[in-house]
$ cat data-v5.tsv   # TSV, C-alpha atoms
chain	number	residue	atom	x	y	z
V	54	ASN	CA	97.73	37.50	11.51
V	55	TRP	CA	96.41	34.87	9.13
V	56	VAL	CA	97.62	32.56	6.37
V	57	ASP	CA	95.92	31.00	3.38
V	58	THR	CA	96.33	27.35	4.32
V	59	ASP	CA	95.06	26.29	0.89
V	60	LYS	CA	98.01	28.03	-0.76
V	61	ILE	CA	100.63	27.27	1.88
V	62	PHE	CA	100.63	23.57	2.68
V	63	PRO	CA	102.99	20.57	2.97
V	64	LEU	CA	104.04	19.31	-0.45
V	65	LYS	CA	103.82	15.59	-1.15
V	66	SER	CA	106.69	15.89	-3.62
V	67	THR	CA	110.14	17.41	-3.27
V	68	SER	CA	110.42	21.17	-3.73
V	69	HIS	CA	111.97	22.08	-7.07
V	70	TYR	CA	114.42	24.35	-5.23
V	71	ARG	CA	116.47	21.33	-4.18
V	72	ALA	CA	117.37	20.66	-7.81
V	73	LEU	CA	117.57	24.35	-8.75
V	74	TRP	CA	120.01	25.12	-5.94
V	75	HIS	CA	121.89	21.82	-6.18
V	76	VAL	CA	121.09	20.36	-2.76
V	77	PRO	CA	121.98	16.66	-2.70
V	78	ASP	CA	119.51	14.05	-1.49
V	79	GLY	CA	119.98	13.46	2.21
V	80	THR	CA	121.26	16.96	2.92
V	81	ARG	CA	119.05	18.83	5.37
V	82	VAL	CA	118.26	22.46	4.56
V	83	ALA	CA	118.17	25.02	7.37
V	84	LEU	CA	116.44	28.02	5.81
V	85	TYR	CA	116.05	31.65	6.78
V	86	SER	CA	113.85	33.64	4.41
V	87	GLY	CA	113.08	37.31	4.90
V	88	THR	CA	114.65	40.66	5.61
V	89	LEU	CA	118.36	40.58	6.33
V	90	GLY	CA	118.33	43.44	8.81
V	91	GLY	CA	120.03	44.23	12.07
V	92	LYS	CA	117.10	43.84	14.45
V	93	HIS	CA	116.60	40.15	13.69
V	94	GLY	CA	119.85	38.85	15.17
V	95	ILE	CA	120.64	36.99	11.94
V	96	GLU	CA	124.37	36.84	12.71
V	97	ILE	CA	123.64	33.82	14.90
V	98	ILE	CA	122.95	31.81	11.73
V	99	ILE	CA	126.46	32.52	10.41
V	100	GLU	CA	128.00	31.52	13.72
V	101	ALA	CA	125.93	28.33	13.85
V	102	ALA	CA	126.99	27.48	10.30
V	103	ARG	CA	130.60	27.95	11.38
V	104	LEU	CA	130.14	25.61	14.36
V	105	LEU	CA	128.56	23.01	12.07
V	106	SER	CA	130.93	23.51	9.14
V	107	GLN	CA	132.29	19.98	9.53
V	108	HIS	CA	128.82	18.45	9.49
V	109	PRO	CA	128.36	17.26	5.90
V	110	GLY	CA	124.60	16.79	6.06
V	111	ILE	CA	123.42	20.36	6.71
V	112	ARG	CA	123.12	23.23	4.23
V	113	PHE	CA	122.29	26.72	5.50
V	114	VAL	CA	120.36	28.93	3.09
V	115	LEU	CA	119.62	32.62	3.58
V	116	CYS	CA	117.07	33.91	1.12
V	117	GLY	CA	116.41	37.64	1.24
V	118	SER	CA	117.76	41.16	1.03
V	119	GLY	CA	118.44	44.00	3.38
V	120	GLY	CA	121.09	46.27	4.81
V	121	LEU	CA	122.97	43.46	6.52
V	122	ARG	CA	123.30	41.08	3.58
V	123	THR	CA	126.71	42.29	2.41
V	124	VAL	CA	128.08	42.08	5.95
V	125	LEU	CA	126.70	38.57	6.39
V	126	GLU	CA	128.13	37.40	3.07
V	127	LYS	CA	131.57	38.68	4.09
V	128	LYS	CA	131.37	36.89	7.44
V	129	ALA	CA	130.39	33.67	5.70
V	130	LYS	CA	132.71	33.86	2.71
V	131	GLU	CA	134.96	31.00	3.86
V	132	LEU	CA	132.06	28.70	4.79
V	133	LYS	CA	131.11	25.99	2.29
V	134	ASN	CA	127.86	25.06	4.01
V	135	ILE	CA	125.95	28.31	3.52
V	136	SER	CA	124.38	29.93	0.46
V	137	PHE	CA	122.67	33.28	-0.20
V	138	TYR	CA	119.84	33.87	-2.64
V	139	ASP	CA	117.49	36.75	-3.45
V	140	LEU	CA	113.89	36.84	-2.30
V	141	GLN	CA	111.67	34.66	-4.44
V	142	SER	CA	108.36	35.63	-6.03
V	143	PRO	CA	105.14	35.27	-4.00
V	144	GLU	CA	104.01	32.58	-6.45
V	145	GLN	CA	106.96	30.45	-5.36
V	146	LEU	CA	106.42	30.90	-1.62
V	147	ASN	CA	105.00	27.44	-0.95
V	148	GLU	CA	107.81	25.77	-2.89
V	149	LEU	CA	110.36	27.83	-0.95
V	150	LEU	CA	108.85	27.09	2.46
V	151	ASN	CA	108.77	23.38	1.61
V	152	PHE	CA	112.40	23.55	0.48
V	153	ALA	CA	113.34	23.80	4.16
V	154	ASP	CA	113.76	20.79	6.36
V	155	ILE	CA	114.17	23.25	9.22
V	156	HIS	CA	113.16	26.91	9.32
V	157	LEU	CA	115.35	29.33	11.25
V	158	LEU	CA	113.76	32.23	13.12
V	159	PRO	CA	116.36	34.28	14.97
V	160	GLN	CA	115.09	37.21	17.01
V	161	GLY	CA	117.10	40.01	18.57
V	162	GLN	CA	117.20	39.93	22.35
V	163	ASP	CA	115.27	43.18	22.63
V	164	ILE	CA	112.23	41.85	20.70
V	165	SER	CA	112.42	38.10	21.23
V	166	GLY	CA	109.48	37.89	23.61
V	167	PHE	CA	107.17	40.60	22.37
V	168	LEU	CA	106.54	40.38	18.63
V	169	MET	CA	104.91	37.57	16.66
V	170	PRO	CA	106.86	37.47	13.38
V	171	SER	CA	104.49	37.47	10.43
V	172	LYS	CA	106.57	34.82	8.64
V	173	LEU	CA	105.76	32.33	11.40
V	174	THR	CA	102.25	31.81	10.00
V	175	GLY	CA	103.63	30.57	6.68
V	176	ILE	CA	106.27	28.46	8.38
V	177	PHE	CA	103.66	26.69	10.49
V	178	ALA	CA	101.30	26.26	7.53
V	179	SER	CA	104.05	24.59	5.48
V	180	GLY	CA	104.26	21.82	8.05
V	181	ARG	CA	107.97	22.26	8.67
V	182	PRO	CA	109.54	22.72	12.11
V	183	VAL	CA	111.16	25.97	13.18
V	184	ILE	CA	114.09	26.71	15.47
V	185	ALA	CA	113.69	30.11	17.06
V	186	THR	CA	115.61	32.27	19.47
V	187	ALA	CA	112.70	33.48	21.54
V	188	SER	CA	111.29	34.05	25.00
V	189	GLY	CA	107.95	34.91	26.59
V	190	SER	CA	104.70	34.35	24.72
V	191	LEU	CA	106.43	33.71	21.40
V	192	ALA	CA	108.43	30.87	22.93
V	193	GLN	CA	105.27	29.36	24.39
V	194	MET	CA	103.57	29.45	20.98
V	195	ILE	CA	106.46	27.67	19.29
V	196	CYS	CA	107.08	24.98	21.91
V	197	GLY	CA	105.73	21.65	20.70
V	198	ARG	CA	105.72	22.92	17.11
V	199	GLY	CA	109.41	23.75	16.93
V	200	VAL	CA	112.45	24.24	19.13
V	201	VAL	CA	113.16	27.34	21.20
V	202	VAL	CA	116.59	28.41	22.43
V	203	PRO	CA	117.57	31.54	24.36
V	204	PRO	CA	118.37	34.60	22.23
V	205	GLY	CA	122.09	34.99	21.62
V	206	HIS	CA	123.05	31.42	22.59
V	207	VAL	CA	124.95	30.29	19.48
V	208	GLN	CA	125.93	26.86	20.75
V	209	ALA	CA	122.37	26.02	21.79
V	210	PHE	CA	121.12	27.23	18.40
V	211	ALA	CA	123.66	25.08	16.55
V	212	ASP	CA	122.93	22.07	18.75
V	213	ALA	CA	119.20	22.37	18.04
V	214	ILE	CA	119.84	22.54	14.28
V	215	ARG	CA	122.06	19.47	14.39
V	216	ARG	CA	119.57	17.56	16.54
V	217	LEU	CA	116.65	18.18	14.21
V	218	ALA	CA	118.75	17.57	11.11
V	219	GLU	CA	119.60	14.12	12.44
V	220	ASN	CA	116.10	13.23	13.68
V	221	ASP	CA	113.59	12.70	10.89
V	222	GLU	CA	110.84	11.59	13.25
V	223	GLU	CA	111.09	14.66	15.48
V	224	ARG	CA	111.07	16.98	12.48
V	225	LYS	CA	107.96	15.25	11.15
V	226	LEU	CA	106.13	15.39	14.47
V	227	LEU	CA	106.90	19.06	15.12
V	228	GLY	CA	105.97	19.99	11.57
V	229	GLU	CA	102.64	18.19	11.81
V	230	GLN	CA	101.81	20.00	15.04
V	231	ALA	CA	102.76	23.33	13.47
V	232	ARG	CA	100.43	22.66	10.54
V	233	VAL	CA	97.56	21.76	12.87
V	234	TYR	CA	98.05	24.98	14.81
V	235	ALA	CA	98.09	27.07	11.63
V	236	VAL	CA	94.86	25.53	10.36
V	237	GLN	CA	93.09	25.81	13.71
V	238	HIS	CA	94.19	29.33	14.63
V	239	TRP	CA	95.51	31.21	11.60
V	240	SER	CA	93.57	30.00	8.57
V	241	LYS	CA	91.86	32.74	6.61
V	242	GLU	CA	88.40	31.35	7.33
V	243	LYS	CA	89.08	31.01	11.06
V	244	VAL	CA	90.41	34.54	11.45
V	245	LEU	CA	87.61	36.13	9.40
V	246	THR	CA	84.97	34.20	11.32
V	247	GLU	CA	86.35	35.42	14.63
V	248	PHE	CA	86.57	38.95	13.25
V	249	GLU	CA	82.93	38.89	12.14
V	250	LYS	CA	81.80	37.93	15.64
V	251	HIS	CA	82.78	41.39	16.85
V	252	PHE	CA	80.19	42.96	14.53
V	253	LEU	CA	77.25	40.63	15.11

$ encode --input "data-v5.tsv" --output "structure tokens"
Amino acid sequence: NWVDTDKIFPLKSTSHYRALWHVPDGTRVALYSGTLGGKHGIEIIIEAARLLSQHPGIRFVLCGSGGLRTVLEKKAKELKNISFYDLQSPEQLNELLNFADIHLLPQGQDISGFLMPSKLTGIFASGRPVIATASGSLAQMICGRGVVVPPGHVQAFADAIRRLAENDEERKLLGEQARVYAVQHWSKEKVLTEFEKHFL
């Protein structure tokens, strides 16, 4: 796993997606971007959005496609704080990742401690914090660079989203630590250098 940290990086200006998708200033975006499939436990995002539906300062955004999208849209149809969009082009990835104030990384209980999601490299490189449902080694990797809650615990997931949405300083600190980790461990140069050592 590696990420081009020269192409994915924290923007100094506001992502153009805030204007494109009509997100008011001061509203915090909780973003999930990727496959909308059954194994990811994405339903927890809909339930968290329902629990936080009276919180005016949080917008949930799901950006992606997959077999579960229609089901998720039906479950969320009465919620005013959640929006669905198609996957964006690779050229817009950095803008999209910087659109998030908080990244959401739900994992199904059967895989939450075993797989390192490939999207995590880009999330870390963007310098934005992540809230993940995870355990095991994945949880250890995220701690200090995001917030980890147990898989399937909707209330804990919603509470973590609300906490970060209301705490600018914590979001900044976690995002900075995530960026540092990405540069030190997942940058293209770092990974290729380590790979070359095996052949010298």

$ residues_around --input "data-v5.tsv" --residues "stretch 132-135 of chain V" --least-positions-apart "3" --cutoff "8 Å" --atoms "only C-alpha atoms" --output "VMD selection string"
chain V and resid 102 to 103 106 111 to 115 129

$ atom_distance --input "data-v5.tsv" --atom1 "atom CA of V:Val183" --atom2 "atom CA of V:Lys130"
25.2 Å

$ residues_around --input "data-v5.tsv" --residues "stretch 84-98 of chain V" --least-positions-apart "4" --cutoff "8 Å" --atoms "all atoms listed in the file" --output "ChimeraX atom specification"
/V:102,113-122,125,140,153-162,172,205,207,210

$ residues_around --input "data-v5.tsv" --residues "V:Asn147" --least-positions-apart "4" --cutoff "12 Å" --atoms "all atoms listed in the file" --output "list in words"
Val56, Asp57, Thr58, Asp59, Lys60, Ile61, Phe62, Pro63, Leu64, Lys65, Ser66, Thr67, Ser68, His69, Tyr70, Gln141, Ser142, Pro143, Asn151, Phe152, Ala153, Gly175, Ile176, Phe177, Ala178, Ser179, Gly180 and Arg181 of chain V

$ closest_residue --input "data-v5.tsv" --among "V:Ala72, V:Pro170, V:Gln208, V:Val201" --to "V:Glu148" --atoms "only C-alpha atoms"
V:Ala72

$ residues_near_point --input "data-v5.tsv" --point "(110.8, 32.5, 20.1)" --cutoff "9 Å" --atoms "only C-alpha atoms" --output "PyMOL selection string"
chain V and resi 158-160+165-166+169+184-196+200-204

$ write_last_selection --input "data-v5.tsv" --atoms "C-alpha atoms" --output "PDB file, in the coordinates of the input"
ATOM      1  CA  LEU V 158     113.760  32.230  13.120  1.00  0.00           C
ATOM      2  CA  PRO V 159     116.360  34.280  14.970  1.00  0.00           C
ATOM      3  CA  GLN V 160     115.090  37.210  17.010  1.00  0.00           C
ATOM      4  CA  SER V 165     112.420  38.100  21.230  1.00  0.00           C
ATOM      5  CA  GLY V 166     109.480  37.890  23.610  1.00  0.00           C
ATOM      6  CA  MET V 169     104.910  37.570  16.660  1.00  0.00           C
ATOM      7  CA  ILE V 184     114.090  26.710  15.470  1.00  0.00           C
ATOM      8  CA  ALA V 185     113.690  30.110  17.060  1.00  0.00           C
ATOM      9  CA  THR V 186     115.610  32.270  19.470  1.00  0.00           C
ATOM     10  CA  ALA V 187     112.700  33.480  21.540  1.00  0.00           C
ATOM     11  CA  SER V 188     111.290  34.050  25.000  1.00  0.00           C
ATOM     12  CA  GLY V 189     107.950  34.910  26.590  1.00  0.00           C
ATOM     13  CA  SER V 190     104.700  34.350  24.720  1.00  0.00           C
ATOM     14  CA  LEU V 191     106.430  33.710  21.400  1.00  0.00           C
ATOM     15  CA  ALA V 192     108.430  30.870  22.930  1.00  0.00           C
ATOM     16  CA  GLN V 193     105.270  29.360  24.390  1.00  0.00           C
ATOM     17  CA  MET V 194     103.570  29.450  20.980  1.00  0.00           C
ATOM     18  CA  ILE V 195     106.460  27.670  19.290  1.00  0.00           C
ATOM     19  CA  CYS V 196     107.080  24.980  21.910  1.00  0.00           C
ATOM     20  CA  VAL V 200     112.450  24.240  19.130  1.00  0.00           C
ATOM     21  CA  VAL V 201     113.160  27.340  21.200  1.00  0.00           C
ATOM     22  CA  VAL V 202     116.590  28.410  22.430  1.00  0.00           C
ATOM     23  CA  PRO V 203     117.570  31.540  24.360  1.00  0.00           C
ATOM     24  CA  PRO V 204     118.370  34.600  22.230  1.00  0.00           C
TER      25      PRO V 204
END

$ atom_distance --input "data-v5.tsv" --atom1 "atom CA of V:Leu104" --atom2 "atom CA of V:Asp212"
9.2 Å

$ closest_residue --input "data-v5.tsv" --among "V:Thr174, V:Arg198, V:Glu100, V:Gln107" --to "V:Ser240" --atoms "all atoms listed in the file"
V:Thr174

$ closest_residue --input "data-v5.tsv" --among "V:Val124, V:Pro182, V:His108, V:Leu150" --to "V:Asp221" --atoms "only C-alpha atoms"
V:Pro182

$ atom_distance --input "data-v5.tsv" --atom1 "atom CA of V:Leu146" --atom2 "atom CA of V:Leu227"
20.5 Å

$ axis_aligned_box --input "data-v5.tsv" --around "stretch 178-189 of chain V" --padding-each-side "5 Å" --output "lines of an AutoDock Vina configuration file"
center_x = 108.5
center_y = 28.4
center_z = 16.0
size_x = 24.3
size_y = 23.1
size_z = 31.1
